[in-house]
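Enquirer: I am sharing entry16.txt, which consists of compact mmCIF, C-alpha atoms and all ligand atoms:
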```
# COMPACT_ATOMS: atom_id res chain seq x y z
CA VAL A 1 0.00 0.00 0.00
CA GLY A 2 1.12 3.56 -0.58
CA VAL A 3 3.30 3.07 -3.65
CA GLY A 4 3.24 6.30 -5.61
CA HIS A 5 3.88 7.02 -9.26
CA LEU A 6 5.49 9.91 -11.04
CA LEU A 7 4.34 9.95 -14.68
CA GLY A 8 4.47 12.39 -17.56
CA LEU A 9 3.57 13.30 -21.12
CA VAL A 10 6.34 14.47 -23.46
CA GLY A 11 5.55 16.27 -26.72
CA THR A 12 4.32 19.61 -28.02
CA GLY A 13 0.89 21.22 -27.81
CA ILE A 14 0.07 19.06 -24.79
CA GLY A 15 -1.60 21.73 -22.66
CA PRO A 16 -5.19 20.63 -23.38
CA SER A 17 -4.49 16.89 -23.02
CA LEU A 18 -6.93 15.08 -20.71
CA THR A 19 -4.48 12.21 -20.12
CA PRO A 20 -2.84 13.75 -17.00
CA ALA A 21 -6.21 14.09 -15.26
CA LEU A 22 -7.25 10.54 -16.19
CA HIS A 23 -4.10 9.03 -14.64
CA GLU A 24 -4.03 11.20 -11.54
CA ARG A 25 -7.70 10.56 -10.70
CA GLU A 26 -7.42 6.81 -11.25
CA GLY A 27 -4.22 6.67 -9.21
CA ASP A 28 -5.95 8.47 -6.33
CA ALA A 29 -8.92 6.11 -6.57
CA GLN A 30 -6.52 3.16 -6.35
CA GLY A 31 -4.84 4.62 -3.25
CA MET A 32 -1.59 5.39 -5.10
CA ARG A 33 -0.35 8.96 -5.02
CA THR A 34 0.04 9.80 -8.69
CA LEU A 35 1.59 12.92 -10.13
CA TYR A 36 1.41 13.24 -13.91
CA ARG A 37 3.52 16.07 -15.36
CA ARG A 38 3.42 17.77 -18.76
CA LEU A 39 6.92 17.84 -20.28
CA ASP A 40 6.50 20.27 -23.18
CA LEU A 41 9.36 20.04 -25.68
CA ASP A 42 8.73 23.64 -26.86
CA ALA A 43 8.85 24.99 -23.31
CA LEU A 44 12.02 22.95 -22.70
CA GLU A 45 13.46 24.30 -25.99
CA LEU A 46 14.10 20.75 -27.16
CA ALA A 47 13.59 19.19 -30.59
CA ALA A 48 11.86 15.87 -31.28
CA ASP A 49 15.29 14.27 -31.61
CA ASP A 50 16.14 15.35 -28.04
CA VAL A 51 13.43 13.17 -26.50
CA GLY A 52 16.19 10.84 -25.27
CA ARG A 53 17.33 13.58 -22.89
CA VAL A 54 13.85 13.77 -21.39
CA LEU A 55 13.76 9.99 -21.03
CA ASP A 56 17.12 9.98 -19.25
CA ALA A 57 16.09 12.79 -16.92
CA ALA A 58 12.77 11.16 -16.09
CA ARG A 59 14.34 7.81 -15.41
CA LEU A 60 17.05 9.29 -13.18
CA THR A 61 14.50 11.23 -11.18
CA GLY A 62 12.27 8.28 -10.46
CA PHE A 63 9.49 8.46 -13.00
CA SER A 64 7.65 5.15 -13.52
CA GLY A 65 7.11 5.96 -17.17
CA LEU A 66 6.14 8.50 -19.81
CA ASN A 67 3.55 8.89 -22.49
CA VAL A 68 4.97 10.24 -25.73
CA THR A 69 3.08 12.25 -28.32
CA HIS A 70 3.65 14.36 -31.42
CA PRO A 71 6.38 14.99 -32.60
CA ALA A 72 8.34 12.30 -30.75
CA LYS A 73 6.42 9.03 -31.24
CA GLN A 74 8.93 7.89 -33.87
CA THR A 75 12.10 9.63 -32.71
CA VAL A 76 11.73 7.98 -29.30
CA LEU A 77 12.29 4.53 -30.81
CA ARG A 78 16.08 4.76 -30.91
CA HIS A 79 16.26 5.73 -27.22
CA LEU A 80 14.57 2.57 -25.98
CA ASP A 81 16.08 -0.65 -24.66
CA ARG A 82 13.21 -2.81 -25.84
CA ILE A 83 10.14 -2.31 -28.00
CA ASP A 84 6.96 -4.32 -27.72
CA PRO A 85 6.40 -6.14 -31.06
CA ASP A 86 2.97 -4.54 -31.57
CA ALA A 87 4.57 -1.09 -31.31
CA ALA A 88 7.56 -2.08 -33.44
CA ALA A 89 5.27 -3.27 -36.25
CA LEU A 90 3.73 0.16 -36.57
CA GLY A 91 6.95 2.07 -35.91
CA ALA A 92 5.60 4.33 -33.16
CA VAL A 93 5.62 4.34 -29.37
CA ASN A 94 3.28 6.35 -27.13
CA THR A 95 4.11 4.71 -23.79
CA VAL A 96 7.54 4.16 -22.23
CA VAL A 97 7.88 2.15 -19.02
CA PHE A 98 11.05 2.36 -16.91
CA GLY A 99 11.96 -0.88 -15.19
CA PRO A 100 14.77 -3.26 -14.37
CA HIS A 101 15.21 -4.04 -18.07
CA GLY A 102 15.53 -0.41 -19.06
CA ALA A 103 13.13 1.74 -21.05
CA ILE A 104 10.50 -0.36 -22.79
CA GLY A 105 8.24 1.08 -25.51
CA HIS A 106 4.60 0.20 -26.13
CA ASN A 107 1.78 1.56 -28.27
CA THR A 108 -1.49 1.89 -26.42
CA ASP A 109 -3.08 3.96 -29.20
CA ARG A 110 -3.21 0.63 -31.05
CA SER A 111 -4.45 -1.49 -28.15
CA GLY A 112 -6.74 1.32 -26.98
CA PHE A 113 -8.47 1.67 -30.33
CA ALA A 114 -8.91 -2.11 -30.61
CA ARG A 115 -10.50 -2.26 -27.16
CA SER A 116 -12.71 0.75 -27.81
CA PHE A 117 -13.82 -0.80 -31.11
CA ARG A 118 -14.72 -4.19 -29.58
CA ARG A 119 -16.61 -2.49 -26.78
CA GLY A 120 -18.35 0.20 -28.80
CA LEU A 121 -19.20 -1.70 -32.01
CA PRO A 122 -19.67 -5.30 -30.85
CA GLY A 123 -20.28 -7.75 -33.66
CA ALA A 124 -19.46 -5.21 -36.37
CA ALA A 125 -18.50 -6.80 -39.70
CA VAL A 126 -14.85 -6.19 -40.60
CA ASP A 127 -14.49 -8.05 -43.88
CA ARG A 128 -13.75 -4.85 -45.77
CA VAL A 129 -12.97 -1.58 -44.02
CA LEU A 130 -11.97 1.84 -45.35
CA LEU A 131 -9.44 3.88 -43.36
CA LEU A 132 -9.31 7.58 -44.21
CA GLY A 133 -6.11 9.18 -42.90
CA ALA A 134 -2.72 7.49 -42.84
CA GLY A 135 -0.82 9.73 -40.40
CA GLY A 136 0.13 8.91 -36.83
CA ALA A 137 -3.33 7.98 -35.59
CA GLY A 138 -4.11 6.23 -38.87
CA ALA A 139 -1.09 3.94 -38.49
CA ALA A 140 -2.09 2.90 -34.96
CA VAL A 141 -5.68 2.31 -36.02
CA ALA A 142 -4.71 0.37 -39.17
CA HIS A 143 -2.73 -2.13 -37.11
CA ALA A 144 -5.48 -2.21 -34.48
CA MET A 145 -7.91 -3.24 -37.23
CA THR A 146 -5.72 -6.28 -37.90
CA ASP A 147 -6.07 -7.09 -34.18
CA VAL A 148 -9.86 -7.13 -34.51
CA GLY A 149 -9.70 -9.36 -37.60
CA VAL A 150 -10.10 -7.06 -40.60
CA GLY A 151 -10.05 -8.97 -43.90
CA GLU A 152 -9.24 -6.23 -46.39
CA LEU A 153 -8.17 -2.75 -45.36
CA LEU A 154 -8.59 0.04 -47.92
CA VAL A 155 -6.44 3.08 -47.15
CA ALA A 156 -6.96 6.64 -48.42
CA ASP A 157 -5.10 9.84 -47.61
CA ALA A 158 -4.81 13.24 -49.27
CA ASP A 159 -1.10 12.39 -49.43
CA ARG A 160 -1.20 9.23 -51.54
CA ALA A 161 2.37 8.23 -50.66
CA ARG A 162 1.35 8.02 -47.00
CA ALA A 163 -1.58 5.76 -47.86
CA GLU A 164 0.69 3.54 -49.93
CA ALA A 165 3.33 3.28 -47.19
CA LEU A 166 0.76 2.38 -44.53
CA ALA A 167 -0.99 -0.15 -46.78
CA ALA A 168 2.39 -1.78 -47.47
CA ALA A 169 3.27 -1.91 -43.76
CA VAL A 170 -0.03 -3.60 -42.91
CA ARG A 171 0.28 -6.03 -45.84
CA GLU A 172 3.79 -6.92 -44.64
CA THR A 173 2.40 -8.19 -41.35
CA GLY A 174 0.55 -10.85 -43.34
CA ARG A 175 -2.57 -10.25 -41.24
CA ALA A 176 -4.78 -8.48 -43.81
CA THR A 177 -4.90 -7.67 -47.48
CA THR A 178 -4.76 -4.01 -48.38
CA ALA A 179 -5.51 -1.62 -51.22
CA VAL A 180 -5.02 2.10 -51.71
CA VAL A 181 -8.04 4.21 -52.65
CA ALA A 182 -7.57 7.57 -54.37
CA LYS A 183 -9.12 10.43 -52.45
CA ALA A 184 -11.54 11.09 -55.33
CA ASP A 185 -12.83 7.50 -55.06
CA VAL A 186 -13.51 7.48 -51.30
CA GLU A 187 -17.25 8.12 -51.61
CA ASP A 188 -17.70 5.33 -54.18
CA ALA A 189 -15.72 2.98 -51.95
CA LEU A 190 -18.12 3.66 -49.06
CA ALA A 191 -20.83 1.79 -50.97
CA THR A 192 -18.65 -1.38 -50.88
CA VAL A 193 -17.31 -1.53 -47.31
CA ASP A 194 -18.60 -2.64 -43.90
CA GLY A 195 -17.17 0.32 -42.09
CA LEU A 196 -15.28 3.61 -42.23
CA VAL A 197 -12.51 4.53 -39.79
CA HIS A 198 -11.75 8.25 -39.89
CA ALA A 199 -8.26 9.37 -38.81
CA THR A 200 -7.67 12.80 -40.34
CA PRO A 201 -7.99 15.98 -38.21
CA THR A 202 -11.23 16.96 -40.01
CA GLY A 203 -13.94 17.79 -37.51
CA MET A 204 -11.67 19.54 -35.00
CA ALA A 205 -12.32 23.26 -34.46
CA ALA A 206 -9.33 24.15 -36.65
CA HIS A 207 -10.46 21.75 -39.43
CA PRO A 208 -14.26 22.04 -39.57
CA GLY A 209 -16.55 19.96 -41.77
CA THR A 210 -16.94 16.32 -42.71
CA PRO A 211 -14.15 14.36 -44.45
CA VAL A 212 -16.70 12.70 -46.79
CA ALA A 213 -19.98 14.00 -48.19
CA PRO A 214 -22.79 13.03 -45.77
CA HIS A 215 -24.89 11.56 -48.62
CA ALA A 216 -22.23 8.83 -49.07
CA LEU A 217 -22.93 7.55 -45.53
CA HIS A 218 -25.63 4.90 -45.18
CA GLU A 219 -27.31 2.60 -42.69
CA ARG A 220 -25.38 -0.57 -43.63
CA LEU A 221 -22.16 1.16 -42.60
CA TRP A 222 -20.49 1.61 -39.23
CA VAL A 223 -18.38 4.73 -38.72
CA ALA A 224 -15.55 5.07 -36.18
CA ASP A 225 -14.05 8.53 -35.70
CA VAL A 226 -10.73 8.99 -33.87
CA VAL A 227 -11.23 12.74 -33.45
CA TYR A 228 -12.42 13.33 -29.88
CA ARG A 229 -12.36 17.13 -29.54
CA PRO A 230 -15.29 17.51 -29.99
CA LEU A 231 -16.79 14.03 -29.40
CA ALA A 232 -19.76 14.82 -31.65
CA THR A 233 -17.85 15.71 -34.81
CA ALA A 234 -19.73 16.69 -37.94
CA LEU A 235 -18.97 13.17 -39.23
CA VAL A 236 -20.37 11.48 -36.10
CA THR A 237 -23.51 13.60 -36.27
CA ALA A 238 -24.00 13.01 -40.01
CA ALA A 239 -23.39 9.26 -39.72
CA ARG A 240 -25.96 8.97 -36.90
CA ALA A 241 -28.48 10.95 -38.95
CA ARG A 242 -27.93 8.59 -41.90
CA GLY A 243 -28.60 5.55 -39.67
CA ALA A 244 -25.05 4.21 -39.39
CA ARG A 245 -23.68 2.63 -36.18
CA VAL A 246 -21.20 5.11 -34.73
CA LEU A 247 -18.17 5.04 -32.45
CA ASP A 248 -16.74 8.40 -31.38
CA GLY A 249 -13.06 9.05 -30.56
CA GLY A 250 -13.54 9.15 -26.78
CA GLY A 251 -13.10 5.42 -26.27
CA MET A 252 -9.67 5.39 -27.91
CA ALA A 253 -8.60 8.40 -25.82
CA VAL A 254 -9.65 6.66 -22.59
CA PHE A 255 -8.44 3.15 -23.39
CA GLN A 256 -4.97 4.35 -24.43
CA ALA A 257 -4.79 5.72 -20.88
CA VAL A 258 -6.31 2.56 -19.36
CA ASP A 259 -3.68 0.39 -21.04
CA ALA A 260 -0.85 2.81 -20.19
CA PHE A 261 -1.93 2.96 -16.52
CA ARG A 262 -1.70 -0.84 -16.27
CA LEU A 263 1.77 -0.80 -17.89
CA PHE A 264 3.03 2.06 -15.66
CA THR A 265 1.73 0.73 -12.35
CA GLY A 266 1.18 -3.01 -12.76
CA VAL A 267 -2.28 -2.39 -11.33
CA GLU A 268 -5.48 -3.00 -13.30
CA PRO A 269 -7.36 0.30 -13.60
CA ASP A 270 -11.13 0.52 -13.40
CA ALA A 271 -11.94 1.26 -17.07
CA ASP A 272 -15.56 2.20 -16.36
CA ARG A 273 -14.47 4.68 -13.72
CA MET A 274 -11.98 6.21 -16.18
CA LEU A 275 -14.70 6.42 -18.87
CA ASP A 276 -17.00 8.17 -16.39
CA HIS A 277 -14.24 10.55 -15.39
CA PHE A 278 -13.50 11.36 -19.05
CA ALA A 279 -17.19 12.04 -19.72
CA GLY A 280 -17.15 14.62 -16.92
CA LEU A 281 -14.00 16.45 -18.05
P1 LIG B 1 -1.34 13.43 -38.76
O1 LIG B 1 -1.10 14.82 -39.20
O2 LIG B 1 -0.21 12.55 -38.38
O3 LIG B 1 -2.14 12.65 -39.92
C1 LIG B 1 -3.29 13.15 -40.55
C2 LIG B 1 -3.36 12.57 -41.97
O4 LIG B 1 -4.60 12.92 -42.55
C3 LIG B 1 -2.27 13.08 -42.90
O5 LIG B 1 -1.63 11.98 -43.51
C4 LIG B 1 -3.03 13.96 -43.91
O6 LIG B 1 -2.44 13.89 -45.21
C5 LIG B 1 -4.38 13.32 -43.90
N1 LIG B 1 -5.50 14.22 -44.24
C6 LIG B 1 -5.78 15.42 -43.70
N2 LIG B 1 -6.94 15.88 -44.19
C7 LIG B 1 -7.40 14.94 -45.04
C8 LIG B 1 -8.59 14.83 -45.84
N3 LIG B 1 -9.54 15.78 -45.83
N4 LIG B 1 -8.73 13.72 -46.59
C9 LIG B 1 -7.79 12.75 -46.61
N5 LIG B 1 -6.67 12.79 -45.86
C10 LIG B 1 -6.49 13.88 -45.10
O7 LIG B 1 -2.39 13.54 -37.57
P2 LIG B 1 -2.69 12.42 -36.46
O8 LIG B 1 -1.71 12.57 -35.35
O9 LIG B 1 -2.80 11.11 -37.14
O10 LIG B 1 -4.09 12.91 -35.89
C11 LIG B 1 -5.29 12.81 -36.65
C12 LIG B 1 -6.47 13.04 -35.73
O11 LIG B 1 -6.57 11.95 -34.81
C13 LIG B 1 -6.39 14.30 -34.87
O12 LIG B 1 -7.64 14.93 -34.84
C14 LIG B 1 -6.07 13.78 -33.48
O13 LIG B 1 -6.58 14.60 -32.46
C15 LIG B 1 -6.78 12.44 -33.50
N6 LIG B 1 -6.25 11.47 -32.53
C16 LIG B 1 -7.12 10.91 -31.66
C17 LIG B 1 -6.66 9.98 -30.74
C18 LIG B 1 -7.60 9.37 -29.75
O14 LIG B 1 -7.13 8.83 -28.76
N7 LIG B 1 -8.89 9.39 -29.99
C19 LIG B 1 -5.30 9.61 -30.74
C20 LIG B 1 -4.44 10.19 -31.68
C21 LIG B 1 -4.93 11.13 -32.57
```
Output the file's structure in the form of structure tokens.
Ligand code: NAD

Expert:
Amino acid sequence: VGVGHLLGLVGTGIGPSLTPALHEREGDAQGMRTLYRRLDLDALELAADDVGRVLDAARLTGFSGLNVTHPAKQTVLRHLDRIDPDAAALGAVNTVVFGPHGAIGHNTDRSGFARSFRRGLPGAAVDRVLLLGAGGAGAAVAHAMTDVGVGELLVADADRARAEALAAAVRETGRATTAVVAKADVEDALATVDGLVHATPTGMAAHPGTPVAPHALHERLWVADVVYRPLATALVTAARARGARVLDGGGMAVFQAVDAFRLFTGVEPDADRMLDHFAGL
């Protein structure tokens, strides 16, 4: 009893993140004093490549682990002693745990999306799924779809080279077939798939609107958005109105923290309590 944890989030633009509050509240509820610090690379005048210095400092000063976000999810890889295979396959780490075997990297965006998907869209068909957005979140979600058994993953991105690279990386795992869809063909493709996973920033305040025309959404489709600020994006609202089953981005945001909390502390968090807490933030 009474073991405490010092945790942190390293990256830029992390001021609004809800992750610190989720960990601190759950730690308190578990009877573990938990302090979760924001380690802003801009404020520290450090570049993404300097993330190793933050890791060293945190480890030396007794942190249990760190979450890592933009722009350091890839640059952190070379500063780790071991990388969980699920994180290595997608080439990005968002959770680093300090322990007797050094700094070990994990990706709970991947596991968190998979868990949110199973919970929020139980029984959803995944024979053929379209992923729109092949950036950082898109990569985690693409590999998570292989964890939930996707048959064929179609990938589209405004930057076609990104879509091609992600499709190739997923194909290389041997766990799903893939194809690249040109951005102009996304709406036609929606008539042929079981579900749409959206992982571009469209729908955030700075990027308003829907990433696909609402008329292309239909009731035989499920739609999973990763954007979670706001939870009710224009896409989520339009998909509901068109009769589609919908999963908003909140579940991924909470379950990445649920999975990280377990890795940091070795204690199973109460996922429902963390979901409730998130809903009230
Ligand atoms: P990113 O910049 O790495 O990738 C975005 C990708 O979308 C880019 O490849 C870009 O070319 C593409 N794109 C942008 N607009 C497009 C459009 N209209 N059509 C097609 N492609 C388009 O960004 P990211 O880090 O992957 O983040 C994407 C979103 O996911 C953000 O809103 C972020 O907040 C959210 N996110 C949510 C969670 C969560 O836990 N729910 C986790 C991570 C990221």

Enquirer: Identify, on the basis of only C-alpha atoms, every residue whose closest approach to His101 (chain A) does not exceed 12 Å; exclude the query and any residue fewer than 6 positions from it along the same chain; express the result as a ChimeraX atom specification.

Expert: /A:80-83

Enquirer: Quick one: residues within 6 Å of Asp225 (chain A), all atoms listed in the file, excluding same-chain residues fewer than 3 positions away - as a short mmCIF file (atom, residue, chain, number, x, y, z; two decimals) with C-alpha atoms, keeping the file's coordinate frame?

Expert:
```cif
data_model
loop_
_atom_site.label_atom_id
_atom_site.label_comp_id
_atom_site.auth_asym_id
_atom_site.auth_seq_id
_atom_site.Cartn_x
_atom_site.Cartn_y
_atom_site.Cartn_z
CA VAL A 197 -12.51 4.53 -39.79
CA HIS A 198 -11.75 8.25 -39.89
CA ASP A 248 -16.74 8.40 -31.38
CA GLY A 249 -13.06 9.05 -30.56
#
```

Enquirer: What does the distance between CA of Met32 (chain A) and CA of Lys73 (chain A) come to in Å, to one decimal place?

Expert: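 Result for CA of Met32 (chain A) versus CA of Lys73 (chain A): 27.6 Å, one decimal.
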
Enquirer: Near Arg160 (chain A), counting only C-alpha atoms, which residues have an atom at most 8 Å away, once you skip same-chain residues fewer than 4 positions from it, shown as a list in words?

Expert: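 Counting only C-alpha atoms, the residues come to Ala156, Glu164 and Ala182 of chain A.
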
Enquirer: Which residues sit within 6 Å of ligand LIG 1 (chain B), counting all atoms listed in the file, listed as a tab-separated table (two decimals) with C-alpha atoms, in the frame of the given file?

Expert:
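File produced: selection.tsv:
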```
chain	number	residue	atom	x	y	z
A	132	LEU	CA	-9.31	7.58	-44.21
A	133	GLY	CA	-6.11	9.18	-42.90
A	134	ALA	CA	-2.72	7.49	-42.84
A	135	GLY	CA	-0.82	9.73	-40.40
A	136	GLY	CA	0.13	8.91	-36.83
A	137	ALA	CA	-3.33	7.98	-35.59
A	138	GLY	CA	-4.11	6.23	-38.87
A	157	ASP	CA	-5.10	9.84	-47.61
A	158	ALA	CA	-4.81	13.24	-49.27
A	159	ASP	CA	-1.10	12.39	-49.43
A	199	ALA	CA	-8.26	9.37	-38.81
A	200	THR	CA	-7.67	12.80	-40.34
A	201	PRO	CA	-7.99	15.98	-38.21
A	211	PRO	CA	-14.15	14.36	-44.45
A	226	VAL	CA	-10.73	8.99	-33.87
A	227	VAL	CA	-11.23	12.74	-33.45
A	228	TYR	CA	-12.42	13.33	-29.88
A	249	GLY	CA	-13.06	9.05	-30.56
A	250	GLY	CA	-13.54	9.15	-26.78
A	252	MET	CA	-9.67	5.39	-27.91
A	253	ALA	CA	-8.60	8.40	-25.82
```

Enquirer: With all atoms listed in the file counted, which protein, DNA or RNA residues have an atom no more than 12 Å from (13.3, 7.2, -13.7) in the file frame? Please answer as a list in words.

Expert: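 Checked against the point, the hits come out as His5, Leu6, Leu7, Gly8, Arg53, Val54, Leu55, Asp56, Ala57, Ala58, Arg59, Leu60, Thr61, Gly62, Phe63, Ser64, Gly65, Leu66, Val96, Val97, Phe98, Gly99, Pro100, Gly102, Ala103 and Phe264 of chain A.
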
Enquirer: Using all atoms listed in the file for the distances, tell me which of A:Arg119, A:His106, A:Arg128, A:His70 is nearest to Ala87 (chain A).

Expert: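 When distances to Ala87 (chain A) are compared using all atoms listed in the file, the smallest one comes from A:His106.
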
Enquirer: Just the residues within 12 Å of Pro208 (chain A), please, counting all atoms listed in the file, with nothing from its chain fewer than 5 positions along; format it as a PyMOL selection string.

Expert: chain A and resi 200-203+227+229-230+233-235

Enquirer: Residues within 8 Å of Val68 (chain A), please, as a ChimeraX atom specification. Count only C-alpha atoms; anything in the same chain fewer than 5 positions from it doesn't count.

Expert: /A:9-11,73,76,93-96

Enquirer: For CA of Glu24 (chain A) and CA of Gly120 (chain A), quote the distance in Å rounded to one decimal.

Expert: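 Taking CA of Glu24 (chain A) and CA of Gly120 (chain A), their separation equals 25.0 Å.
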
Enquirer: Rounded to one decimal, what separation in Å do you get between CA of Phe255 (chain A) and CA of His23 (chain A)?

Expert: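 Atom-to-atom, CA of Phe255 (chain A) and CA of His23 (chain A) are spaced 11.4 Å apart.
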
Enquirer: Quick one: of A:Asp272, A:Asp109, A:Glu219, A:Asp127, who's nearest to Ala241 (chain A), counting all atoms listed in the file?

Expert: A:Glu219
